[in-house]
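S.K.: What follows is run.cif; its format and atoms are mmCIF, C-alpha atoms.
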```cif
data_upload
#
loop_
_atom_site.label_atom_id
_atom_site.label_comp_id
_atom_site.auth_asym_id
_atom_site.auth_seq_id
_atom_site.Cartn_x
_atom_site.Cartn_y
_atom_site.Cartn_z
CA MET A 1 -9.12 -125.68 0.62
CA ALA A 2 -10.70 -122.53 2.04
CA THR A 3 -7.46 -121.74 3.86
CA GLN A 4 -5.52 -122.11 0.61
CA TYR A 5 -7.95 -119.82 -1.17
CA MET A 6 -7.75 -117.18 1.55
CA TYR A 7 -3.95 -117.33 1.46
CA LYS A 8 -3.86 -116.74 -2.32
CA LEU A 9 -6.38 -113.93 -1.98
CA LEU A 10 -4.26 -112.22 0.66
CA VAL A 11 -1.19 -112.56 -1.56
CA TYR A 12 -3.00 -110.99 -4.52
CA VAL A 13 -4.37 -108.16 -2.38
CA SER A 14 -0.91 -107.53 -0.96
CA MET A 15 0.63 -107.43 -4.44
CA TYR A 16 -2.08 -105.07 -5.66
CA CYS A 17 -1.63 -102.73 -2.70
CA THR A 18 2.13 -102.72 -3.26
CA LEU A 19 1.68 -101.73 -6.90
CA VAL A 20 -0.79 -98.99 -5.98
CA ASP A 21 1.48 -97.61 -3.25
CA GLN A 22 4.46 -97.77 -5.59
CA ALA A 23 2.65 -95.88 -8.36
CA GLU A 24 1.50 -93.24 -5.88
CA SER A 25 5.05 -92.76 -4.58
CA ILE A 26 6.50 -92.06 -8.04
CA LYS A 27 6.45 -88.40 -9.00
CA PRO A 28 5.23 -87.47 -12.48
CA ILE A 29 8.08 -87.39 -15.00
CA ILE A 30 8.72 -84.70 -17.60
CA PHE A 31 11.12 -85.55 -20.42
CA MET A 32 12.88 -83.19 -22.83
CA HIS A 33 14.39 -84.60 -26.00
CA GLY A 34 17.72 -83.77 -27.58
CA ILE A 35 18.67 -81.92 -30.75
CA ILE A 36 17.15 -83.13 -34.07
CA ALA A 37 14.77 -85.35 -32.11
CA ALA A 38 11.12 -85.35 -31.03
CA PRO A 39 8.90 -86.56 -28.17
CA ASP A 40 9.10 -90.16 -29.40
CA GLU A 41 12.68 -90.20 -28.10
CA ALA A 42 11.00 -90.85 -24.75
CA ASP A 43 9.24 -94.03 -25.94
CA PRO A 44 11.85 -96.50 -24.60
CA LEU A 45 11.97 -94.60 -21.30
CA ARG A 46 8.19 -94.63 -21.06
CA GLY A 47 8.22 -98.39 -21.57
CA PHE A 48 10.87 -98.94 -18.88
CA VAL A 49 8.98 -96.74 -16.43
CA GLU A 50 5.66 -98.46 -17.10
CA GLU A 51 7.24 -101.86 -16.40
CA ALA A 52 8.87 -100.66 -13.19
CA PHE A 53 6.16 -98.35 -11.89
CA PRO A 54 2.80 -99.00 -13.61
CA GLY A 55 0.60 -95.97 -13.97
CA THR A 56 3.35 -93.35 -13.67
CA ASN A 57 2.69 -90.25 -15.73
CA VAL A 58 5.49 -89.60 -18.25
CA THR A 59 5.10 -86.40 -20.27
CA ALA A 60 7.42 -85.84 -23.24
CA ILE A 61 7.57 -82.16 -24.15
CA ASP A 62 6.20 -81.74 -27.67
CA ALA A 63 8.05 -78.66 -28.86
CA PHE A 64 10.98 -77.67 -31.06
CA ASN A 65 11.13 -81.04 -32.73
CA HIS A 66 13.57 -82.11 -35.44
CA LEU A 67 15.04 -79.12 -37.32
CA GLN A 68 13.15 -76.67 -35.09
CA SER A 69 15.47 -77.74 -32.28
CA VAL A 70 18.28 -75.56 -33.64
CA VAL A 71 16.55 -72.24 -32.92
CA PRO A 72 18.07 -70.18 -30.07
CA MET A 73 17.97 -71.74 -26.62
CA TRP A 74 16.19 -68.83 -24.94
CA THR A 75 13.50 -68.97 -27.62
CA GLN A 76 12.93 -72.62 -26.79
CA ILE A 77 13.00 -72.08 -23.02
CA ASN A 78 10.65 -69.10 -23.05
CA THR A 79 8.13 -71.07 -25.07
CA ILE A 80 8.44 -74.34 -23.17
CA LYS A 81 8.24 -72.69 -19.75
CA GLU A 82 4.66 -71.63 -20.53
CA MET A 83 3.82 -75.18 -21.60
CA VAL A 84 5.12 -76.75 -18.39
CA ARG A 85 4.73 -73.92 -15.88
CA GLU A 86 1.70 -75.42 -14.17
CA SER A 87 3.33 -78.85 -13.87
CA LEU A 88 6.67 -77.54 -12.65
CA VAL A 89 5.33 -74.90 -10.27
CA ASN A 90 1.99 -76.14 -9.01
CA SER A 91 2.41 -79.92 -8.64
CA PRO A 92 1.95 -80.42 -4.89
CA GLU A 93 3.85 -83.70 -4.92
CA GLY A 94 6.66 -82.36 -7.12
CA VAL A 95 7.96 -83.75 -10.42
CA ASN A 96 11.11 -85.37 -11.74
CA LEU A 97 12.88 -84.12 -14.87
CA ILE A 98 14.71 -86.47 -17.22
CA CYS A 99 16.41 -84.51 -19.97
CA PHE A 100 18.72 -85.74 -22.71
CA SER A 101 21.58 -84.04 -24.55
CA GLN A 102 20.62 -80.49 -25.60
CA GLY A 103 17.39 -81.09 -23.71
CA GLY A 104 19.40 -81.14 -20.49
CA LEU A 105 20.42 -77.54 -21.06
CA ILE A 106 16.85 -76.58 -21.88
CA CYS A 107 15.78 -78.12 -18.59
CA ARG A 108 18.55 -76.33 -16.75
CA GLY A 109 17.24 -73.10 -18.25
CA LEU A 110 13.72 -73.93 -17.06
CA LEU A 111 15.03 -74.61 -13.57
CA SER A 112 16.71 -71.20 -13.62
CA VAL A 113 13.78 -69.09 -14.78
CA LEU A 114 10.89 -70.75 -12.92
CA PRO A 115 10.19 -71.05 -9.16
CA HIS A 116 9.78 -74.76 -9.76
CA ASN A 117 8.78 -77.76 -7.68
CA VAL A 118 11.25 -80.25 -9.20
CA ASN A 119 12.53 -83.00 -6.97
CA ASN A 120 15.21 -84.70 -9.07
CA PHE A 121 16.77 -83.39 -12.26
CA ILE A 122 18.32 -86.30 -14.16
CA SER A 123 20.61 -84.87 -16.83
CA VAL A 124 21.60 -87.55 -19.33
CA SER A 125 24.66 -86.90 -21.53
CA SER A 126 24.07 -83.17 -21.68
CA PRO A 127 26.80 -80.57 -22.39
CA GLN A 128 26.19 -78.73 -19.13
CA ALA A 129 29.60 -77.03 -19.21
CA GLY A 130 29.51 -76.47 -22.96
CA GLN A 131 30.56 -78.19 -26.16
CA PHE A 132 33.86 -78.07 -28.04
CA GLY A 133 34.27 -80.91 -30.50
CA ASP A 134 33.91 -82.02 -34.11
CA SER A 135 30.75 -83.99 -33.44
CA MET A 136 28.45 -85.43 -36.10
CA TYR A 137 26.00 -82.59 -35.43
CA LEU A 138 28.62 -79.92 -36.05
CA LYS A 139 29.69 -81.62 -39.28
CA TYR A 140 26.07 -82.01 -40.40
CA PHE A 141 25.13 -78.35 -40.00
CA PHE A 142 28.51 -76.71 -40.58
CA PRO A 143 30.51 -78.96 -42.93
CA ASN A 144 32.93 -76.19 -43.81
CA TYR A 145 33.98 -75.56 -40.21
CA LEU A 146 36.10 -77.40 -37.67
CA LYS A 147 36.05 -76.85 -33.93
CA GLU A 148 39.15 -74.65 -34.19
CA ASN A 149 37.52 -72.09 -36.47
CA VAL A 150 33.75 -72.33 -36.05
CA TYR A 151 33.95 -69.67 -33.34
CA ARG A 152 34.36 -67.15 -36.16
CA PHE A 153 30.71 -67.76 -36.98
CA PHE A 154 29.30 -68.86 -33.61
CA TYR A 155 30.62 -65.80 -31.78
CA THR A 156 28.68 -63.33 -33.89
CA GLU A 157 25.14 -62.00 -33.62
CA GLY A 158 24.08 -64.18 -36.53
CA GLY A 159 25.81 -67.26 -35.20
CA GLN A 160 24.00 -66.97 -31.89
CA GLN A 161 20.75 -67.66 -33.73
CA TRP A 162 21.73 -71.35 -33.61
CA SER A 163 21.15 -73.39 -30.46
CA ILE A 164 24.50 -75.15 -30.82
CA ALA A 165 26.29 -71.80 -30.78
CA ASN A 166 24.51 -70.90 -27.54
CA TYR A 167 26.50 -73.53 -25.67
CA TRP A 168 29.61 -73.65 -27.84
CA HIS A 169 32.51 -72.87 -25.51
CA ASP A 170 35.87 -72.47 -27.20
CA PRO A 171 38.45 -72.50 -24.37
CA HIS A 172 40.90 -70.62 -26.61
CA GLN A 173 38.49 -67.74 -27.26
CA GLU A 174 37.25 -66.81 -23.80
CA ALA A 175 36.96 -63.09 -24.52
CA LEU A 176 34.75 -63.68 -27.56
CA TYR A 177 32.76 -66.31 -25.68
CA THR A 178 31.87 -63.96 -22.85
CA GLN A 179 31.20 -61.12 -25.28
CA TYR A 180 28.86 -62.94 -27.65
CA ASN A 181 27.41 -65.99 -25.93
CA LYS A 182 23.76 -65.32 -25.17
CA PHE A 183 22.89 -68.40 -23.17
CA LEU A 184 25.41 -70.58 -21.35
CA ALA A 185 27.56 -67.67 -20.19
CA ALA A 186 24.46 -66.13 -18.61
CA LEU A 187 23.40 -69.37 -16.89
CA ASP A 188 26.93 -69.83 -15.52
CA ASN A 189 27.00 -66.17 -14.47
CA ASP A 190 30.17 -65.66 -16.51
CA THR A 191 28.69 -62.42 -17.78
CA ALA A 192 26.92 -59.71 -15.84
CA THR A 193 23.20 -60.46 -15.89
CA PRO A 194 20.48 -58.83 -13.79
CA ASN A 195 18.89 -62.26 -13.42
CA ALA A 196 21.88 -63.96 -11.75
CA THR A 197 20.34 -64.04 -8.26
CA LEU A 198 16.98 -65.21 -9.59
CA TYR A 199 18.62 -68.00 -11.59
CA LYS A 200 20.62 -69.17 -8.59
CA ASN A 201 17.71 -69.10 -6.14
CA ASN A 202 15.48 -71.04 -8.54
CA PHE A 203 18.17 -73.59 -9.35
CA LEU A 204 18.72 -74.26 -5.65
CA ARG A 205 15.11 -75.33 -5.27
CA LEU A 206 16.26 -78.69 -6.68
CA LYS A 207 16.32 -81.63 -4.29
CA LYS A 208 18.88 -83.66 -6.30
CA LEU A 209 20.96 -83.16 -9.45
CA ILE A 210 21.90 -86.45 -11.09
CA MET A 211 24.33 -86.24 -14.01
CA ILE A 212 24.92 -89.25 -16.25
CA GLY A 213 27.64 -89.46 -18.91
CA GLY A 214 30.49 -91.60 -20.11
CA PRO A 215 33.78 -91.79 -22.03
CA ASP A 216 32.32 -93.63 -25.05
CA ASP A 217 29.57 -91.09 -25.74
CA GLY A 218 31.21 -89.85 -28.94
CA VAL A 219 29.25 -86.59 -29.21
CA ILE A 220 29.46 -84.56 -26.02
CA THR A 221 32.98 -83.12 -26.03
CA PRO A 222 34.59 -83.35 -23.64
CA TRP A 223 32.31 -86.06 -22.30
CA GLN A 224 33.01 -84.72 -18.80
CA SER A 225 30.90 -81.70 -19.72
CA SER A 226 27.94 -83.94 -18.89
CA GLN A 227 29.21 -83.66 -15.29
CA PHE A 228 30.26 -79.98 -15.44
CA GLY A 229 33.90 -80.70 -16.31
CA PHE A 230 35.50 -78.82 -19.20
CA TYR A 231 38.71 -77.94 -21.03
CA ASP A 232 41.13 -75.29 -19.87
CA ALA A 233 43.22 -73.25 -22.32
CA ASN A 234 45.61 -76.19 -22.69
CA ASP A 235 42.83 -78.60 -23.66
CA THR A 236 43.17 -80.37 -20.33
CA VAL A 237 39.87 -81.40 -18.80
CA VAL A 238 39.29 -79.75 -15.44
CA PRO A 239 36.63 -81.52 -13.33
CA MET A 240 33.57 -79.79 -11.91
CA LYS A 241 35.15 -78.78 -8.61
CA GLY A 242 37.98 -77.01 -10.46
CA GLN A 243 35.68 -74.86 -12.56
CA LYS A 244 35.38 -71.17 -11.70
CA PHE A 245 31.59 -71.31 -11.63
CA TYR A 246 31.85 -74.03 -8.98
CA GLU A 247 34.52 -72.29 -6.90
CA ARG A 248 32.54 -69.04 -6.97
CA ASP A 249 29.23 -70.86 -6.52
CA SER A 250 28.01 -68.66 -9.37
CA PHE A 251 24.69 -70.42 -9.86
CA GLY A 252 24.47 -72.71 -6.82
CA LEU A 253 26.43 -75.78 -7.94
CA LYS A 254 28.78 -75.72 -4.96
CA THR A 255 25.89 -75.22 -2.56
CA LEU A 256 24.10 -78.24 -4.03
CA ASP A 257 27.28 -80.27 -3.70
CA THR A 258 27.86 -79.15 -0.11
CA ARG A 259 24.31 -80.23 0.68
CA GLY A 260 25.18 -83.67 -0.71
CA ASP A 261 22.65 -83.27 -3.50
CA ILE A 262 24.83 -83.88 -6.56
CA VAL A 263 25.22 -87.41 -7.91
CA LEU A 264 27.60 -88.32 -10.75
CA HIS A 265 27.20 -91.55 -12.71
CA THR A 266 30.01 -92.39 -15.16
CA VAL A 267 28.95 -95.19 -17.49
CA PRO A 268 31.38 -96.62 -20.08
CA GLY A 269 30.34 -98.37 -23.26
CA VAL A 270 27.31 -96.25 -24.17
CA GLN A 271 27.19 -94.23 -27.39
CA HIS A 272 25.33 -90.94 -27.47
CA THR A 273 22.22 -92.06 -29.33
CA HIS A 274 21.83 -95.15 -27.12
CA TRP A 275 21.46 -93.58 -23.68
CA MET A 276 17.69 -93.43 -23.60
CA LYS A 277 17.32 -96.92 -25.13
CA ASN A 278 19.69 -98.69 -22.76
CA ARG A 279 17.86 -100.78 -20.15
CA THR A 280 20.93 -101.06 -17.92
CA VAL A 281 21.29 -97.29 -17.84
CA PHE A 282 17.67 -97.02 -16.78
CA GLU A 283 17.78 -99.79 -14.18
CA LYS A 284 21.04 -98.73 -12.51
CA TYR A 285 21.26 -94.99 -12.94
CA ILE A 286 17.76 -93.57 -13.54
CA LYS A 287 15.24 -95.85 -11.82
CA PRO A 288 16.67 -95.43 -8.28
CA TRP A 289 16.06 -91.67 -8.47
CA LEU A 290 12.42 -91.87 -9.52
CA THR A 291 11.17 -92.81 -6.07
CA GLY A 292 12.57 -89.75 -4.34
#
```
Hey, can you dump this file as structure tokens for me?

M.R.:
Amino acid sequence: MATQYMYKLLVYVSMYCTLVDQAESIKPIIFMHGIIAAPDEADPLRGFVEEAFPGTNVTAIDAFNHLQSVVPMWTQINTIKEMVRESLVNSPEGVNLICFSQGGLICRGLLSVLPHNVNNFISVSSPQAGQFGDSMYLKYFFPNYLKENVYRFFYTEGGQQWSIANYWHDPHQEALYTQYNKFLAALDNDTATPNATLYKNNFLRLKKLIMIGGPDDGVITPWQSSQFGFYDANDTVVPMKGQKFYERDSFGLKTLDTRGDIVLHTVPGVQHTHWMKNRTVFEKYIKPWLTG
């Protein structure tokens, strides 16, 4: 009887120690929500993480929620960087970023302007190479425009006051894009910026870049933009390695890839608003990167 009791006790102690060690090995997580959303977009993720790694700290950035999310991208980044600076820069154990949709570009901006301590950046269905499509968001805010003509507004000083315009990339209007775009063109080093070296050096502090997207997303257009692919002038999607910013290593993407630190996950059957709620997406494509 005593032997049985001692055996059960040892099992319980072993299980407890495993849970403690597991929780200690998981880096704190910072989450940034997408456009027209708020911190509660992280609630399903927080639940999945708590089940898998009890006690893990998940912080959802509480800024630029709902309609405030359409203000210029640099405005958002310059505000948020002061909110998360201590966590991103001074965490001795490092942190992991999980960022969704427009939030993925905000996080990329943070990684460019801060000398961060981020281990893994998990970009979920984010238009990292830009957006060019008649999505529900475009129709909601600009019902009188289609993708073919919205550049007439987006590529103006006034148009650039909208976050969507800051990463709108019309492949048929490259000259206007490089002339007027205030955000994505600078991050990609498509335009001369005095901060290009700083952005690249900071971005390369990343341990891993994990990019998740899929053909049934329905919003990110082309969906390959979530993995740095984009249209050429003939509306043919050119994958990441064929993009000029990759070939020139303009902001460190090629260096990351050469190091073996870029991971692409293509997941069919997931619509845009379902990514952060999908348990399979978490279990297969997010969870494995939280222990690094």

S.K.: Wanna dump the segment 171-240 of chain A-segment 93-97 of chain A contacts at 12 Å for me, each residue with its shortest atom pair and the distance in Å to one decimal, counting all atoms listed in the file, ordered by chain and number, as CSV?

M.R.:
```
residue,atom,partner,partner_atom,distance
A:Arg205,CA,A:Gly94,CA,11.1
A:Leu206,CA,A:Asn96,CA,9.8
A:Lys207,CA,A:Asn96,CA,9.8
A:Lys208,CA,A:Asn96,CA,9.6
A:Leu209,CA,A:Leu97,CA,9.8
A:Ile210,CA,A:Leu97,CA,10.1
A:Met211,CA,A:Leu97,CA,11.7
```

S.K.: Excluding Asn78 of chain A and any residue of its chain fewer than 2 positions from it, enumerate the residues within 10 Å of it, using only C-alpha atoms, and give them as a PDB file with C-alpha atoms, in the frame of the given file.

M.R.:
```
ATOM      1  CA  MET A  73      17.970 -71.740 -26.620  1.00  0.00           C
ATOM      2  CA  TRP A  74      16.190 -68.830 -24.940  1.00  0.00           C
ATOM      3  CA  THR A  75      13.500 -68.970 -27.620  1.00  0.00           C
ATOM      4  CA  GLN A  76      12.930 -72.620 -26.790  1.00  0.00           C
ATOM      5  CA  ILE A  80       8.440 -74.340 -23.170  1.00  0.00           C
ATOM      6  CA  LYS A  81       8.240 -72.690 -19.750  1.00  0.00           C
ATOM      7  CA  GLU A  82       4.660 -71.630 -20.530  1.00  0.00           C
ATOM      8  CA  MET A  83       3.820 -75.180 -21.600  1.00  0.00           C
ATOM      9  CA  ILE A 106      16.850 -76.580 -21.880  1.00  0.00           C
ATOM     10  CA  GLY A 109      17.240 -73.100 -18.250  1.00  0.00           C
ATOM     11  CA  LEU A 110      13.720 -73.930 -17.060  1.00  0.00           C
ATOM     12  CA  VAL A 113      13.780 -69.090 -14.780  1.00  0.00           C
TER      13      VAL A 113
END
```

S.K.: Using Å and a single decimal, report how far atom CA of Gln243 of chain A sits from atom CA of Val267 of chain A.

M.R.: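 Answer for the atom CA of Val267 of chain A to atom CA of Gln243 of chain A separation: 22.0 Å.
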
S.K.: Just give me the residues with any atom within 8 Å of (26.1, -91.7, -28.0), file coordinates, counting only C-alpha atoms, written as a VMD selection string.

M.R.: chain A and resid 216 to 219 270 to 275

S.K.: Counting all atoms listed in the file, figure out which residue out of A:Phe100, A:Tyr180, A:Phe48, A:Tyr199 gets nearest to Thr280 of chain A.

M.R.: A:Phe48

S.K.: Care to translate the PyMOL selection byres ((chain A and resi 46) around 12) into actual residues of this file, as JSON, numbers by chain?

M.R.: {"A": [28, 29, 30, 31, 39, 40, 41, 42, 43, 44, 45, 47, 48, 49, 50, 51, 52, 53, 54, 55, 56, 57, 58, 59, 60, 98, 276, 277, 279, 282, 287]}

S.K.: With the PyMOL selection byres ((chain A and resi 173) around 10) as the selection, what would be picked from this file? Answer as a PyMOL selection string, please.

M.R.: chain A and resi 148+151-152+155+169-172+174-178+233

S.K.: Given only C-alpha atoms as the basis, pick out the residue of A:Ile212, A:Pro288, A:Arg85, A:Asp249 nearest to His265 of chain A.

M.R.: A:Ile212

S.K.: Compare A:Tyr140, A:Trp162, A:Phe121, A:Phe203 by their minimum atom-to-atom distance to Thr255 of chain A, counting all atoms listed in the file, and give me the closest one.

M.R.: A:Phe203

S.K.: List the residues matched by the PyMOL selection byres ((chain A and resi 245) around 12) in the displayed structure as a PDB file with C-alpha atoms, in the coordinates of the input, ordered by chain and then by residue number.

M.R.:
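The new file part.pdb reads:
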```pdb
ATOM      1  CA  GLN A 128      26.190 -78.730 -19.130  1.00  0.00           C
ATOM      2  CA  ALA A 129      29.600 -77.030 -19.210  1.00  0.00           C
ATOM      3  CA  LEU A 184      25.410 -70.580 -21.350  1.00  0.00           C
ATOM      4  CA  ALA A 185      27.560 -67.670 -20.190  1.00  0.00           C
ATOM      5  CA  ALA A 186      24.460 -66.130 -18.610  1.00  0.00           C
ATOM      6  CA  LEU A 187      23.400 -69.370 -16.890  1.00  0.00           C
ATOM      7  CA  ASP A 188      26.930 -69.830 -15.520  1.00  0.00           C
ATOM      8  CA  ASN A 189      27.000 -66.170 -14.470  1.00  0.00           C
ATOM      9  CA  ASP A 190      30.170 -65.660 -16.510  1.00  0.00           C
ATOM     10  CA  THR A 191      28.690 -62.420 -17.780  1.00  0.00           C
ATOM     11  CA  LYS A 200      20.620 -69.170  -8.590  1.00  0.00           C
ATOM     12  CA  PHE A 228      30.260 -79.980 -15.440  1.00  0.00           C
ATOM     13  CA  GLY A 229      33.900 -80.700 -16.310  1.00  0.00           C
ATOM     14  CA  PHE A 230      35.500 -78.820 -19.200  1.00  0.00           C
ATOM     15  CA  PRO A 239      36.630 -81.520 -13.330  1.00  0.00           C
ATOM     16  CA  MET A 240      33.570 -79.790 -11.910  1.00  0.00           C
ATOM     17  CA  LYS A 241      35.150 -78.780  -8.610  1.00  0.00           C
ATOM     18  CA  GLY A 242      37.980 -77.010 -10.460  1.00  0.00           C
ATOM     19  CA  GLN A 243      35.680 -74.860 -12.560  1.00  0.00           C
ATOM     20  CA  LYS A 244      35.380 -71.170 -11.700  1.00  0.00           C
ATOM     21  CA  TYR A 246      31.850 -74.030  -8.980  1.00  0.00           C
ATOM     22  CA  GLU A 247      34.520 -72.290  -6.900  1.00  0.00           C
ATOM     23  CA  ARG A 248      32.540 -69.040  -6.970  1.00  0.00           C
ATOM     24  CA  ASP A 249      29.230 -70.860  -6.520  1.00  0.00           C
ATOM     25  CA  SER A 250      28.010 -68.660  -9.370  1.00  0.00           C
ATOM     26  CA  PHE A 251      24.690 -70.420  -9.860  1.00  0.00           C
ATOM     27  CA  GLY A 252      24.470 -72.710  -6.820  1.00  0.00           C
ATOM     28  CA  LEU A 253      26.430 -75.780  -7.940  1.00  0.00           C
ATOM     29  CA  LYS A 254      28.780 -75.720  -4.960  1.00  0.00           C
ATOM     30  CA  THR A 255      25.890 -75.220  -2.560  1.00  0.00           C
TER      31      THR A 255
END
```

S.K.: Just the number, please: distance in Å from atom CA of Asn144 of chain A to atom CA of Ser226 of chain A, one decimal.

M.R.: 26.6 Å

S.K.: Using Å and a single decimal, report how far atom CA of Phe142 of chain A sits from atom CA of Asp62 of chain A.

M.R.: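 Answer for the atom CA of Asp62 of chain A to atom CA of Phe142 of chain A separation: 26.3 Å.
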
S.K.: Segment 54-67 of chain A, all listed atoms, 4 Å padding on each side: what axis-aligned box centre and edge lengths in Å to one decimal come out, as JSON?

M.R.:
```
{"center_x": 7.8, "center_y": -88.3, "center_z": -25.5, "size_x": 22.4, "size_y": 29.3, "size_z": 31.7}
```

S.K.: Mind listing as a list of chain:residue names all residues within 9 Å of (25.7, -81.8, -33.4), counting all atoms listed in the file?

M.R.: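 In the file's frame, the residues around the point are A:Ile35, A:Ile36, A:Asp134, A:Ser135, A:Met136, A:Tyr137, A:Leu138, A:Lys139, A:Tyr140, A:Phe141, A:Ile164, A:Val219, A:Ile220.
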
S.K.: Generate the output file for the selected residues, C-alpha atoms, as a short mmCIF file (atom, residue, chain, number, x, y, z; two decimals), keeping the file's coordinate frame.

M.R.:
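Output file again04.cif follows:
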```cif
data_model
loop_
_atom_site.label_atom_id
_atom_site.label_comp_id
_atom_site.auth_asym_id
_atom_site.auth_seq_id
_atom_site.Cartn_x
_atom_site.Cartn_y
_atom_site.Cartn_z
CA ILE A 35 18.67 -81.92 -30.75
CA ILE A 36 17.15 -83.13 -34.07
CA ASP A 134 33.91 -82.02 -34.11
CA SER A 135 30.75 -83.99 -33.44
CA MET A 136 28.45 -85.43 -36.10
CA TYR A 137 26.00 -82.59 -35.43
CA LEU A 138 28.62 -79.92 -36.05
CA LYS A 139 29.69 -81.62 -39.28
CA TYR A 140 26.07 -82.01 -40.40
CA PHE A 141 25.13 -78.35 -40.00
CA ILE A 164 24.50 -75.15 -30.82
CA VAL A 219 29.25 -86.59 -29.21
CA ILE A 220 29.46 -84.56 -26.02
#
```

S.K.: Select, from A:Thr221, A:Ser123, A:Thr156, A:Gln68, the residue with the minimum atom-to-atom distance to Ile262 of chain A, counting only C-alpha atoms.

M.R.: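 Smallest separation from Ile262 of chain A among the options: A:Ser123.
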
S.K.: So, with only C-alpha atoms as the atoms that count, which of A:Leu114, A:Ala192, A:Leu290, A:Ala165 lies closest to Leu204 of chain A?

M.R.: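 Ranking A:Leu114, A:Ala192, A:Leu290, A:Ala165 by distance to Leu204 of chain A, first place goes to A:Leu114.
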
S.K.: Name the closest residue to Ser125 of chain A among the candidates A:Tyr167, A:Tyr231, A:Phe183, A:Trp223; distances are taken between atoms, counting only C-alpha atoms.

M.R.: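 Checking each of A:Tyr167, A:Tyr231, A:Phe183, A:Trp223 against Ser125 of chain A, counting only C-alpha atoms, the winner is A:Trp223.
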
S.K.: What would segment 118-130 of chain A look like with N, CA, C and O atoms restored, written as a PDB file, keeping the file's coordinate frame?

M.R.:
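Final output, saved to result26.pdb:
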```
ATOM      1  N   VAL A 118      10.593 -79.044  -8.675  1.00  0.00           N
ATOM      2  CA  VAL A 118      11.250 -80.250  -9.200  1.00  0.00           C
ATOM      3  C   VAL A 118      12.025 -80.945  -8.093  1.00  0.00           C
ATOM      4  O   VAL A 118      12.806 -80.306  -7.382  1.00  0.00           O
ATOM      5  N   ASN A 119      11.782 -82.224  -7.959  1.00  0.00           N
ATOM      6  CA  ASN A 119      12.530 -83.000  -6.970  1.00  0.00           C
ATOM      7  C   ASN A 119      13.913 -83.358  -7.514  1.00  0.00           C
ATOM      8  O   ASN A 119      14.925 -82.862  -7.039  1.00  0.00           O
ATOM      9  N   ASN A 120      13.945 -84.230  -8.517  1.00  0.00           N
ATOM     10  CA  ASN A 120      15.210 -84.700  -9.070  1.00  0.00           C
ATOM     11  C   ASN A 120      15.326 -84.297 -10.534  1.00  0.00           C
ATOM     12  O   ASN A 120      14.398 -84.521 -11.320  1.00  0.00           O
ATOM     13  N   PHE A 121      16.444 -83.719 -10.872  1.00  0.00           N
ATOM     14  CA  PHE A 121      16.770 -83.390 -12.260  1.00  0.00           C
ATOM     15  C   PHE A 121      17.817 -84.383 -12.726  1.00  0.00           C
ATOM     16  O   PHE A 121      18.958 -84.358 -12.269  1.00  0.00           O
ATOM     17  N   ILE A 122      17.427 -85.274 -13.634  1.00  0.00           N
ATOM     18  CA  ILE A 122      18.320 -86.300 -14.160  1.00  0.00           C
ATOM     19  C   ILE A 122      18.789 -85.836 -15.536  1.00  0.00           C
ATOM     20  O   ILE A 122      18.024 -85.849 -16.503  1.00  0.00           O
ATOM     21  N   SER A 123      20.022 -85.401 -15.599  1.00  0.00           N
ATOM     22  CA  SER A 123      20.610 -84.870 -16.830  1.00  0.00           C
ATOM     23  C   SER A 123      21.418 -85.984 -17.487  1.00  0.00           C
ATOM     24  O   SER A 123      22.424 -86.439 -16.933  1.00  0.00           O
ATOM     25  N   VAL A 124      20.986 -86.403 -18.660  1.00  0.00           N
ATOM     26  CA  VAL A 124      21.600 -87.550 -19.330  1.00  0.00           C
ATOM     27  C   VAL A 124      22.429 -87.066 -20.531  1.00  0.00           C
ATOM     28  O   VAL A 124      21.875 -86.526 -21.493  1.00  0.00           O
ATOM     29  N   SER A 125      23.739 -87.237 -20.446  1.00  0.00           N
ATOM     30  CA  SER A 125      24.660 -86.900 -21.530  1.00  0.00           C
ATOM     31  C   SER A 125      24.345 -85.531 -22.132  1.00  0.00           C
ATOM     32  O   SER A 125      24.119 -85.382 -23.326  1.00  0.00           O
ATOM     33  N   SER A 126      24.368 -84.546 -21.272  1.00  0.00           N
ATOM     34  CA  SER A 126      24.070 -83.170 -21.680  1.00  0.00           C
ATOM     35  C   SER A 126      25.307 -82.302 -21.519  1.00  0.00           C
ATOM     36  O   SER A 126      26.010 -82.412 -20.512  1.00  0.00           O
ATOM     37  N   PRO A 127      25.588 -81.413 -22.476  1.00  0.00           N
ATOM     38  CA  PRO A 127      26.800 -80.570 -22.390  1.00  0.00           C
ATOM     39  C   PRO A 127      26.621 -79.425 -21.409  1.00  0.00           C
ATOM     40  O   PRO A 127      26.617 -78.253 -21.790  1.00  0.00           O
ATOM     41  N   GLN A 128      26.499 -79.745 -20.131  1.00  0.00           N
ATOM     42  CA  GLN A 128      26.190 -78.730 -19.130  1.00  0.00           C
ATOM     43  C   GLN A 128      27.278 -77.673 -18.993  1.00  0.00           C
ATOM     44  O   GLN A 128      26.991 -76.530 -18.627  1.00  0.00           O
ATOM     45  N   ALA A 129      28.517 -78.024 -19.279  1.00  0.00           N
ATOM     46  CA  ALA A 129      29.600 -77.030 -19.210  1.00  0.00           C
ATOM     47  C   ALA A 129      29.972 -76.507 -20.588  1.00  0.00           C
ATOM     48  O   ALA A 129      30.931 -75.751 -20.725  1.00  0.00           O
ATOM     49  N   GLY A 130      29.234 -76.924 -21.618  1.00  0.00           N
ATOM     50  CA  GLY A 130      29.510 -76.470 -22.960  1.00  0.00           C
ATOM     51  C   GLY A 130      29.976 -77.588 -23.879  1.00  0.00           C
ATOM     52  O   GLY A 130      30.155 -78.734 -23.451  1.00  0.00           O
TER      53      GLY A 130
END
```
